[in-house]
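Colleague: Sharing structure.pdb here; it has PDB, C-alpha atoms and all ligand atoms.
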ATOM      1  CA  MET I   1     114.083 181.214-147.012  1.00  0.00           C
ATOM      2  CA  THR I   2     112.281 178.896-144.638  1.00  0.00           C
ATOM      3  CA  VAL I   3     113.861 175.524-144.000  1.00  0.00           C
ATOM      4  CA  GLU I   4     111.745 173.046-142.113  1.00  0.00           C
ATOM      5  CA  ARG I   5     113.676 170.190-140.568  1.00  0.00           C
ATOM      6  CA  GLN I   6     111.939 167.225-139.041  1.00  0.00           C
ATOM      7  CA  PHE I   7     114.099 164.304-138.017  1.00  0.00           C
ATOM      8  CA  ASP I   8     112.618 161.147-136.542  1.00  0.00           C
ATOM      9  CA  VAL I   9     114.801 160.338-133.524  1.00  0.00           C
ATOM     10  CA  ASP I  10     113.525 156.761-133.273  1.00  0.00           C
ATOM     11  CA  LEU I  11     114.736 155.536-136.638  1.00  0.00           C
ATOM     12  CA  PRO I  12     116.641 152.263-136.738  1.00  0.00           C
ATOM     13  CA  ALA I  13     120.283 152.378-137.812  1.00  0.00           C
ATOM     14  CA  VAL I  14     120.794 151.927-141.537  1.00  0.00           C
ATOM     15  CA  MET I  15     123.990 150.564-143.058  1.00  0.00           C
ATOM     16  CA  VAL I  16     125.208 153.066-145.641  1.00  0.00           C
ATOM     17  CA  ASP I  17     128.279 154.557-147.240  1.00  0.00           C
ATOM     18  CA  PRO I  18     127.986 157.961-145.499  1.00  0.00           C
ATOM     19  CA  ASP I  19     129.928 159.929-148.134  1.00  0.00           C
ATOM     20  CA  ALA I  20     127.795 158.520-150.900  1.00  0.00           C
ATOM     21  CA  ILE I  21     124.528 159.236-149.093  1.00  0.00           C
ATOM     22  CA  ASP I  22     125.777 162.761-148.284  1.00  0.00           C
ATOM     23  CA  ASN I  23     126.390 163.254-151.969  1.00  0.00           C
ATOM     24  CA  CYS I  24     122.966 161.885-152.818  1.00  0.00           C
ATOM     25  CA  VAL I  25     121.117 164.199-150.404  1.00  0.00           C
ATOM     26  CA  LEU I  26     123.301 167.145-151.433  1.00  0.00           C
ATOM     27  CA  ASN I  27     122.219 166.689-155.047  1.00  0.00           C
ATOM     28  CA  LEU I  28     118.573 166.747-153.973  1.00  0.00           C
ATOM     29  CA  LEU I  29     119.154 169.869-151.861  1.00  0.00           C
ATOM     30  CA  LEU I  30     121.012 171.716-154.624  1.00  0.00           C
ATOM     31  CA  ASN I  31     118.161 171.008-157.025  1.00  0.00           C
ATOM     32  CA  ALA I  32     115.649 172.214-154.438  1.00  0.00           C
ATOM     33  CA  LEU I  33     117.629 175.444-154.008  1.00  0.00           C
ATOM     34  CA  ASP I  34     117.710 175.972-157.780  1.00  0.00           C
ATOM     35  CA  ALA I  35     113.973 175.349-157.924  1.00  0.00           C
ATOM     36  CA  VAL I  36     113.112 178.050-155.352  1.00  0.00           C
ATOM     37  CA  ALA I  37     115.700 180.595-156.547  1.00  0.00           C
ATOM     38  CA  ARG I  38     113.082 183.016-157.874  1.00  0.00           C
ATOM     39  CA  HIS I  39     110.328 182.263-155.407  1.00  0.00           C
ATOM     40  CA  PRO I  40     109.198 185.222-153.258  1.00  0.00           C
ATOM     41  CA  ASP I  41     108.679 182.943-150.236  1.00  0.00           C
ATOM     42  CA  PRO I  42     111.033 179.998-150.759  1.00  0.00           C
ATOM     43  CA  ARG I  43     110.483 176.952-148.576  1.00  0.00           C
ATOM     44  CA  LEU I  44     112.462 173.756-148.219  1.00  0.00           C
ATOM     45  CA  ALA I  45     111.605 170.810-146.045  1.00  0.00           C
ATOM     46  CA  VAL I  46     113.939 168.011-145.052  1.00  0.00           C
ATOM     47  CA  ARG I  47     112.498 165.076-143.155  1.00  0.00           C
ATOM     48  CA  THR I  48     113.626 161.658-142.066  1.00  0.00           C
ATOM     49  CA  GLU I  49     110.973 159.095-141.305  1.00  0.00           C
ATOM     50  CA  ARG I  50     110.136 155.435-141.410  1.00  0.00           C
ATOM     51  CA  ALA I  51     108.524 154.462-144.703  1.00  0.00           C
ATOM     52  CA  ASP I  52     104.984 153.100-144.620  1.00  0.00           C
ATOM     53  CA  ASP I  53     106.226 149.617-145.607  1.00  0.00           C
ATOM     54  CA  GLY I  54     108.200 149.401-142.337  1.00  0.00           C
ATOM     55  CA  CYS I  55     111.285 148.088-144.198  1.00  0.00           C
ATOM     56  CA  HIS I  56     112.818 151.397-145.235  1.00  0.00           C
ATOM     57  CA  VAL I  57     113.803 154.710-143.787  1.00  0.00           C
ATOM     58  CA  ARG I  58     113.082 157.699-145.914  1.00  0.00           C
ATOM     59  CA  ILE I  59     114.903 160.983-146.403  1.00  0.00           C
ATOM     60  CA  VAL I  60     112.525 163.499-147.899  1.00  0.00           C
ATOM     61  CA  VAL I  61     113.595 166.732-149.591  1.00  0.00           C
ATOM     62  CA  ALA I  62     110.684 168.953-150.608  1.00  0.00           C
ATOM     63  CA  ASP I  63     110.524 172.438-152.088  1.00  0.00           C
ATOM     64  CA  ASN I  64     107.854 174.894-153.167  1.00  0.00           C
ATOM     65  CA  GLY I  65     109.739 175.825-156.329  1.00  0.00           C
ATOM     66  CA  VAL I  66     109.068 175.720-160.025  1.00  0.00           C
ATOM     67  CA  GLY I  67     108.034 172.074-160.121  1.00  0.00           C
ATOM     68  CA  ILE I  68     108.502 169.609-162.955  1.00  0.00           C
ATOM     69  CA  PRO I  69     106.063 169.270-165.869  1.00  0.00           C
ATOM     70  CA  ALA I  70     104.398 165.837-165.833  1.00  0.00           C
ATOM     71  CA  GLN I  71     105.844 164.891-169.214  1.00  0.00           C
ATOM     72  CA  GLN I  72     109.387 165.616-167.976  1.00  0.00           C
ATOM     73  CA  LEU I  73     109.091 163.771-164.697  1.00  0.00           C
ATOM     74  CA  PRO I  74     109.825 160.238-166.004  1.00  0.00           C
ATOM     75  CA  GLY I  75     113.113 161.397-167.577  1.00  0.00           C
ATOM     76  CA  ILE I  76     114.667 163.444-164.787  1.00  0.00           C
ATOM     77  CA  PHE I  77     116.858 160.594-163.505  1.00  0.00           C
ATOM     78  CA  ASN I  78     118.429 160.014-166.906  1.00  0.00           C
ATOM     79  CA  ALA I  79     122.031 161.147-167.193  1.00  0.00           C
ATOM     80  CA  LEU I  80     122.524 164.439-169.054  1.00  0.00           C
ATOM     81  CA  THR I  81     118.880 165.475-168.684  1.00  0.00           C
ATOM     82  CA  THR I  82     118.877 169.119-167.619  1.00  0.00           C
ATOM     83  CA  THR I  83     116.632 172.125-168.041  1.00  0.00           C
ATOM     84  CA  LYS I  84     119.328 174.476-166.733  1.00  0.00           C
ATOM     85  CA  GLY I  85     121.186 175.036-169.982  1.00  0.00           C
ATOM     86  CA  GLY I  86     124.921 175.556-169.503  1.00  0.00           C
ATOM     87  CA  ARG I  87     124.519 175.773-165.701  1.00  0.00           C
ATOM     88  CA  GLY I  88     123.307 172.203-165.385  1.00  0.00           C
ATOM     89  CA  THR I  89     125.182 168.960-165.889  1.00  0.00           C
ATOM     90  CA  GLY I  90     122.158 166.702-165.789  1.00  0.00           C
ATOM     91  CA  LEU I  91     124.178 164.311-163.662  1.00  0.00           C
ATOM     92  CA  GLY I  92     122.948 165.082-160.147  1.00  0.00           C
ATOM     93  CA  LEU I  93     119.865 162.901-160.123  1.00  0.00           C
ATOM     94  CA  ALA I  94     121.464 160.141-162.193  1.00  0.00           C
ATOM     95  CA  VAL I  95     124.286 159.881-159.655  1.00  0.00           C
ATOM     96  CA  ALA I  96     121.854 160.138-156.733  1.00  0.00           C
ATOM     97  CA  MET I  97     119.743 157.310-158.165  1.00  0.00           C
ATOM     98  CA  LYS I  98     122.807 155.144-158.778  1.00  0.00           C
ATOM     99  CA  ILE I  99     123.841 155.584-155.138  1.00  0.00           C
ATOM    100  CA  ALA I 100     120.339 154.798-153.905  1.00  0.00           C
ATOM    101  CA  LEU I 101     120.138 151.632-156.023  1.00  0.00           C
ATOM    102  CA  GLU I 102     123.591 150.514-154.881  1.00  0.00           C
ATOM    103  CA  HIS I 103     122.247 150.654-151.331  1.00  0.00           C
ATOM    104  CA  GLY I 104     119.242 148.552-152.274  1.00  0.00           C
ATOM    105  CA  GLY I 105     117.124 151.691-152.080  1.00  0.00           C
ATOM    106  CA  ASP I 106     115.336 153.970-154.486  1.00  0.00           C
ATOM    107  CA  ILE I 107     114.420 157.580-155.162  1.00  0.00           C
ATOM    108  CA  THR I 108     110.932 158.607-156.175  1.00  0.00           C
ATOM    109  CA  ALA I 109     109.721 162.051-157.098  1.00  0.00           C
ATOM    110  CA  THR I 110     106.375 163.760-157.142  1.00  0.00           C
ATOM    111  CA  SER I 111     105.916 167.224-158.517  1.00  0.00           C
ATOM    112  CA  GLU I 112     103.363 169.760-159.566  1.00  0.00           C
ATOM    113  CA  GLU I 113     104.373 172.369-162.074  1.00  0.00           C
ATOM    114  CA  GLY I 114     104.490 175.799-160.462  1.00  0.00           C
ATOM    115  CA  ARG I 115     103.910 174.369-156.957  1.00  0.00           C
ATOM    116  CA  GLY I 116     106.967 172.367-156.025  1.00  0.00           C
ATOM    117  CA  SER I 117     108.535 168.937-155.848  1.00  0.00           C
ATOM    118  CA  THR I 118     109.147 166.201-153.314  1.00  0.00           C
ATOM    119  CA  PHE I 119     111.982 163.702-153.573  1.00  0.00           C
ATOM    120  CA  ASN I 120     111.978 160.573-151.407  1.00  0.00           C
ATOM    121  CA  LEU I 121     115.192 158.663-150.874  1.00  0.00           C
ATOM    122  CA  ALA I 122     114.303 155.260-149.430  1.00  0.00           C
ATOM    123  CA  LEU I 123     116.996 153.109-147.831  1.00  0.00           C
ATOM    124  CA  PRO I 124     116.423 149.559-146.638  1.00  0.00           C
ATOM    125  CA  ILE I 125     116.636 149.054-142.887  1.00  0.00           C
ATOM    126  CA  ARG I 126     118.301 145.696-143.558  1.00  0.00           C
ATOM    127  CA  PRO I 127     120.560 145.652-146.582  1.00  0.00           C
ATOM    128  CA  ALA I 128     119.879 142.869-149.105  1.00  0.00           C
ATOM    129  CA  ARG I 129     123.602 142.160-149.289  1.00  0.00           C
ATOM    130  CA  GLU I 130     126.123 142.717-146.544  1.00  0.00           C
ATOM    131  CA  PRO I 131     129.741 143.552-147.354  1.00  0.00           C
ATOM    132  CA  SER I 132     130.978 140.553-145.373  1.00  0.00           C
ATOM    133  CA  GLY I 133     129.287 137.779-143.454  1.00  0.00           C
ATOM    134  CA  PRO I 134     129.328 137.609-139.653  1.00  0.00           C
ATOM    135  CA  PRO I 135     132.192 135.603-138.091  1.00  0.00           C
ATOM    136  CA  SER I 136     129.863 132.819-136.935  1.00  0.00           C
ATOM    137  CA  ARG I 137     128.957 132.079-140.539  1.00  0.00           C
ATOM    138  CA  THR I 138     132.551 131.812-141.682  1.00  0.00           C
ATOM    139  CA  GLN I 139     133.196 129.491-138.776  1.00  0.00           C
ATOM    140  CA  SER I 140     130.310 127.192-139.550  1.00  0.00           C
ATOM    141  CA  GLU I 141     131.329 127.018-143.200  1.00  0.00           C
ATOM    142  CA  ALA I 142     134.840 126.091-142.152  1.00  0.00           C
ATOM    143  CA  THR I 143     133.481 123.259-140.019  1.00  0.00           C
ATOM    144  CA  GLY I 144     131.236 122.024-142.804  1.00  0.00           C
ATOM    145  CA  LEU I 145     128.071 122.817-140.878  1.00  0.00           C
ATOM    146  CA  PRO I 146     125.273 124.544-142.735  1.00  0.00           C
ATOM    147  CA  ALA I 147     125.299 128.326-142.477  1.00  0.00           C
ATOM    148  CA  PRO I 148     122.679 129.722-140.125  1.00  0.00           C
ATOM    149  CA  SER I 149     119.475 130.599-141.880  1.00  0.00           C
ATOM    150  CA  GLN I 150     118.878 134.312-142.378  1.00  0.00           C
ATOM    151  CA  PRO I 151     115.179 134.909-142.733  1.00  0.00           C
ATOM    152  CA  GLU I 152     115.645 138.690-142.646  1.00  0.00           C
ATOM    153  CA  ARG I 153     117.509 138.585-145.915  1.00  0.00           C
ATOM    154  CA  ALA I 154     114.824 136.537-147.600  1.00  0.00           C
ATOM    155  CA  ASP I 155     112.202 138.974-146.346  1.00  0.00           C
ATOM    156  CA  THR I 156     114.135 141.929-147.643  1.00  0.00           C
ATOM    157  CA  ALA I 157     114.749 140.357-151.026  1.00  0.00           C
ATOM    158  CA  SER I 158     111.043 139.757-151.562  1.00  0.00           C
ATOM    159  CA  GLY I 159     110.017 142.945-149.777  1.00  0.00           C
ATOM    160  CA  ALA I 160     107.575 145.493-151.044  1.00  0.00           C
ATOM    161  CA  GLU I 161     108.566 148.378-153.262  1.00  0.00           C
ATOM    162  CA  PRO I 162     110.105 151.205-151.222  1.00  0.00           C
ATOM    163  CA  GLU I 163     107.605 153.745-152.404  1.00  0.00           C
ATOM    164  CA  GLY I 164     104.433 153.666-154.422  1.00  0.00           C
ATOM    165  CA  GLU I 165     104.490 157.225-155.642  1.00  0.00           C
ATOM    166  CA  VAL I 166     105.127 158.756-159.079  1.00  0.00           C
TER
HETATM  167  N1  LIG Y 201     113.541 170.056-157.034  1.00  0.00           N
HETATM  168  C1  LIG Y 201     113.398 170.218-158.348  1.00  0.00           C
HETATM  169  N2  LIG Y 201     112.499 171.109-158.835  1.00  0.00           N
HETATM  170  C2  LIG Y 201     112.327 171.277-160.165  1.00  0.00           C
HETATM  171  N3  LIG Y 201     112.985 170.591-161.105  1.00  0.00           N
HETATM  172  C3  LIG Y 201     113.890 169.687-160.684  1.00  0.00           C
HETATM  173  C4  LIG Y 201     114.142 169.448-159.298  1.00  0.00           C
HETATM  174  N4  LIG Y 201     115.084 168.488-159.203  1.00  0.00           N
HETATM  175  C5  LIG Y 201     115.403 168.145-160.457  1.00  0.00           C
HETATM  176  N5  LIG Y 201     114.698 168.864-161.363  1.00  0.00           N
HETATM  177  C6  LIG Y 201     114.760 168.762-162.826  1.00  0.00           C
HETATM  178  O1  LIG Y 201     115.532 167.610-163.144  1.00  0.00           O
HETATM  179  C7  LIG Y 201     116.625 167.987-163.990  1.00  0.00           C
HETATM  180  C8  LIG Y 201     117.804 167.073-163.723  1.00  0.00           C
HETATM  181  O2  LIG Y 201     118.353 167.327-162.442  1.00  0.00           O
HETATM  182  P1  LIG Y 201     119.880 166.948-162.196  1.00  0.00           P
HETATM  183  O3  LIG Y 201     120.122 165.551-162.667  1.00  0.00           O
HETATM  184  O4  LIG Y 201     120.214 167.276-160.796  1.00  0.00           O
HETATM  185  O5  LIG Y 201     120.671 167.894-163.216  1.00  0.00           O
HETATM  186  P2  LIG Y 201     120.955 169.463-163.150  1.00  0.00           P
HETATM  187  O6  LIG Y 201     120.612 169.954-161.765  1.00  0.00           O
HETATM  188  O7  LIG Y 201     122.409 169.610-163.457  1.00  0.00           O
HETATM  189  O8  LIG Y 201     120.074 170.058-164.212  1.00  0.00           O
HETATM  190  C9  LIG Y 201     116.859 169.454-163.679  1.00  0.00           C
HETATM  191  O9  LIG Y 201     117.496 170.127-164.753  1.00  0.00           O
HETATM  192  C10 LIG Y 201     115.436 169.957-163.460  1.00  0.00           C
HETATM  193  O10 LIG Y 201     114.790 170.184-164.685  1.00  0.00           O
HETATM  194 MG    MG Y 202     121.199 168.975-160.008  1.00  0.00          MG
END
Let's see the structure in the file written out as structure tokens.
Modeller:
Amino acid sequence: MTVERQFDVDLPAVMVDPDAIDNCVLNLLLNALDAVARHPDPRLAVRTERADDGCHVRIVVADNGVGIPAQQLPGIFNALTTTKGGRGTGLGLAVAMKIALEHGGDITATSEEGRGSTFNLALPIRPAREPSGPPSRTQSEATGLPAPSQPERADTASGAEPEGEV
């Protein structure tokens, strides 16, 4: 099996729940492994890169496996959708998508039957919502002064779609 790894070392830091994102990427990798299981020359690629929109980083998991028929592609993120019979739970992608959305991100997939699939996990460089405000904001609220404006948030909220594929 060939595994190509290509990690962009200049990516900005992204605020994430690391366990959750681990889980998300693991689900994509396990599916990729399943997809290449019977391939004579199995290949996986894992890349991190800045998305074209400049507002997201992207984790890409690609395989040269069985691929997904076009008519099945729209349903693969639905819970309990599996083509693996008793071996599959049909939960991996549903959970992965839930995690991505909770981070303000998204997962898109492209695939060609018999040729392989590419999954893109996009995560916003600036989260739309932060778990807690910075101390200066709390202070200014306490003093009755207006909170500092946060143009980055407004930009992110009205930002472009993470990915245009699928
Ligand atoms: N990399 C992939 N290559 C081919 N098919 C895939 C890939 N990833 C997901 N799928 C399809 O999407 C379905 C749902 O995936 P998932 O939610 O992880 O459930 P499970 O792996 O338990 O079947 C899979 O059963 C398979 O048909
Ligand atoms: Mg799975």
Colleague: Go through chain I and flag each residue having an atom no more than 7 Å from ligand MG 202 (chain Y); for those, report the closest pair of atoms plus their distance in Å to one decimal, using all atoms listed in the file, ordered by chain and rising number, as JSON lines.
Modeller:
{"residue": "I:Asn27", "atom": "CA", "partner": "Y:MG202", "partner_atom": "MG", "distance": 5.6}
{"residue": "I:Leu28", "atom": "CA", "partner": "Y:MG202", "partner_atom": "MG", "distance": 6.9}
{"residue": "I:Leu30", "atom": "CA", "partner": "Y:MG202", "partner_atom": "MG", "distance": 6.0}
{"residue": "I:Asn31", "atom": "CA", "partner": "Y:MG202", "partner_atom": "MG", "distance": 4.7}
{"residue": "I:Gly88", "atom": "CA", "partner": "Y:MG202", "partner_atom": "MG", "distance": 6.6}
{"residue": "I:Gly90", "atom": "CA", "partner": "Y:MG202", "partner_atom": "MG", "distance": 6.3}
{"residue": "I:Leu91", "atom": "CA", "partner": "Y:MG202", "partner_atom": "MG", "distance": 6.6}
{"residue": "I:Gly92", "atom": "CA", "partner": "Y:MG202", "partner_atom": "MG", "distance": 4.3}
{"residue": "I:Leu93", "atom": "CA", "partner": "Y:MG202", "partner_atom": "MG", "distance": 6.2}
Colleague: Using only C-alpha atoms and all ligand atoms, find each protein or nucleic acid residue lying at most 7 Å from ligand LIG 201 (chain Y); present the set as a PyMOL selection string.
Modeller: chain I and resi 27-28+31-32+35+63+65-68+76-77+79-84+87-94+116-118
Colleague: Using only C-alpha atoms, can you tell me which of I:Arg58, I:Arg38, I:Lys98, I:Arg50 comes closest to Asn120 in chain I?
Modeller: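 When distances to Asn120 in chain I are compared using only C-alpha atoms, the smallest one comes from I:Arg58.
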Colleague: Leaving out Ile107 in chain I and any residue of its chain fewer than 3 positions from it, which residues lie within 9 Å of it when counting all atoms listed in the file, given as JSON, numbers by chain?
Modeller: {"I": [96, 97, 100, 101, 119, 120, 121, 122, 123, 162, 163]}
Colleague: Measure the distance from CA of Leu73 in chain I to CA of Met1 in chain I in Å and round it to one decimal.
Modeller: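 It comes out at 25.3 Å.
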Colleague: What residues come out when you apply the PyMOL selection byres (((chain I and resi 48) around 12) and not hetatm) to this file, written as a list of chain:residue names?
Modeller: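 Selected by the PyMOL selection byres (((chain I and resi 48) around 12) and not hetatm) in this file: I:Glu4, I:Arg5, I:Gln6, I:Phe7, I:Asp8, I:Val9, I:Asp10, I:Leu11, I:Pro12, I:Val25, I:Ala45, I:Val46, I:Arg47, I:Glu49, I:Arg50, I:Ala51, I:His56, I:Val57, I:Arg58, I:Ile59, I:Val60, I:Val61, I:Ala62, I:Phe119, I:Asn120, I:Leu121, I:Ala122, I:Leu123.
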Colleague: So, counting all atoms listed in the file, which residue among I:Asp106, I:Pro42, I:Ile99, I:Ile125 is closest to Ile21 in chain I?
Modeller: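 Smallest separation from Ile21 in chain I among the options: I:Ile99.
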Colleague: Report the distance between CA of Leu26 in chain I and CA of Val14 in chain I in Å, rounded to one decimal place.
Modeller: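 These two atoms are separated by 18.3 Å.
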Colleague: If you measure from CA of Gly86 in chain I to CA of Asp19 in chain I, what distance in Å do you get, rounded to one decimal?
Modeller: 26.9 Å
